[in-house]
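**Student:** There's a structure below that I have some questions on.
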Amino acid sequence: MVGTGKCFLVTGPPGVGKSTLIMRVFESLKASNPTLKVQGFYTREVRVAGERVGFEVVTLDGRTCPLASSNFSSQESHRWPNVGKYKVDVASFESLALLELQVREDTDLFIIDEVGKMELYSSSFFPAVLKVLESNIPILASIPVPKFGRDIPAGRNLEDQLMFEAPYLLNLQIFSLHFGSCKVKESCRSNFVYIEC
């Protein structure tokens, strides 16, 4: 089991395998320790006839809600933020994801996949992530590297912002996944380890 207060962040470009890695770790942990109490969510693609039409949030116990879609056509959805061709349903996201980020004393691990552009349109999401970090419960989370020329809302560099807003995270480790060969880089801070794959 991960030690108290450990925070593992997986970063990398879209499609490199961040979510796959996180779900395999989750499945392995649950298989080896069925009583492990894990909270959180992951984001998965919604496909129709093989074409991606959106994304949904899935809790670790299987509940789902829409996050974003290219098919939203209600009057209300015209006011929602866009990420590419997708409209982000912030209220739907908050109705499920924020509940999963409520700190409970019996939680052994939080999984947050991902802390990304769509999720950050919720003004309540990043403060909820910070509360989880403050709880000293181990966390496994992903942070995408924005595509060239794109940024996440409010120009946030999440790795830097986490260190600025949560400098007490002495057990933070960041794993950067990239296509190609793997190598480990150590930063100037001894509490960071970067793995590039």
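So you can find residues: chains in the structure tokens are A, B, ... in the order shown, residues in each start at 1, and ligands are numbered from 1 in order.
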Determine, for each residue of segment 22-101 of chain A having at least one atom at most 12 Å from an atom of segment 129-149 of chain A, the closest pair of atoms and their separation in Å to one decimal, counting only C-alpha atoms; order by chain and ascending number, as a Markdown table.

**Tutor:**
```
| residue | atom | partner | partner_atom | distance |
| --- | --- | --- | --- | --- |
| A:Ile22 | CA | A:Leu140 | CA | 7.3 |
| A:Met23 | CA | A:Leu140 | CA | 10.1 |
| A:Arg24 | CA | A:Leu140 | CA | 11.7 |
| A:Val25 | CA | A:Leu140 | CA | 9.1 |
| A:Phe26 | CA | A:Leu140 | CA | 9.1 |
| A:Leu29 | CA | A:Leu140 | CA | 11.8 |
| A:Lys37 | CA | A:Ile137 | CA | 11.1 |
| A:Val38 | CA | A:Ile139 | CA | 9.6 |
| A:Gln39 | CA | A:Ile139 | CA | 9.6 |
| A:Gly40 | CA | A:Ile139 | CA | 9.4 |
| A:Phe41 | CA | A:Ala141 | CA | 9.7 |
| A:Tyr42 | CA | A:Ala141 | CA | 9.3 |
| A:Thr43 | CA | A:Ser142 | CA | 10.5 |
| A:Val83 | CA | A:Pro146 | CA | 11.7 |
| A:Gly84 | CA | A:Lys147 | CA | 11.5 |
| A:Ala97 | CA | A:Val129 | CA | 10.5 |
| A:Leu98 | CA | A:Val129 | CA | 9.1 |
| A:Leu99 | CA | A:Val129 | CA | 11.6 |
| A:Glu100 | CA | A:Val132 | CA | 10.3 |
| A:Leu101 | CA | A:Val132 | CA | 6.7 |
```

**Student:** Between atom CA of Ser70 of chain A and atom CA of Lys87 of chain A, what is the distance in Å, rounded to a tenth?

**Tutor:**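 Interatomic distance here is 6.2 Å.
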
**Student:** Report as a PyMOL selection string: the residues of segment 34-87 of chain A with a DSSP assignment of helix (DSSP H, G or I), based on the backbone of this structure.

**Tutor:** chain A and resi 76-79

**Student:** Just write the chosen residues, C-alpha atoms, as an mmCIF file, in the first residue's frame.

**Tutor:**
```
data_model
loop_
_atom_site.group_PDB
_atom_site.id
_atom_site.type_symbol
_atom_site.label_atom_id
_atom_site.label_comp_id
_atom_site.auth_asym_id
_atom_site.auth_seq_id
_atom_site.Cartn_x
_atom_site.Cartn_y
_atom_site.Cartn_z
ATOM 1 C CA GLU A 76 -28.744 25.866 -22.013
ATOM 2 C CA SER A 77 -25.805 24.040 -23.644
ATOM 3 C CA HIS A 78 -25.149 26.983 -25.967
ATOM 4 C CA ARG A 79 -23.814 28.883 -22.934
#
```

**Student:** Give the strand (DSSP E or B) residues of segment 2-164 of chain A, as assigned by DSSP on the backbone, as a ChimeraX atom specification.

**Tutor:** /A:7-12,38-48,51-59,64-69,82-83,86-88,109-113,139-144

**Student:** Closest to Glu27 of chain A among A:Ile111, A:Ser122, A:Leu9, A:Gly50, using only C-alpha atoms?

**Tutor:**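 Of the candidates, the smallest distance to Glu27 of chain A is held by A:Ile111.
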
**Student:** Given only C-alpha atoms as the basis, pick out the residue of A:Thr11, A:Thr59, A:Gln102, A:Asn82 nearest to Ala128 of chain A.

**Tutor:**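 The answer is A:Gln102, which sits nearest to Ala128 of chain A.
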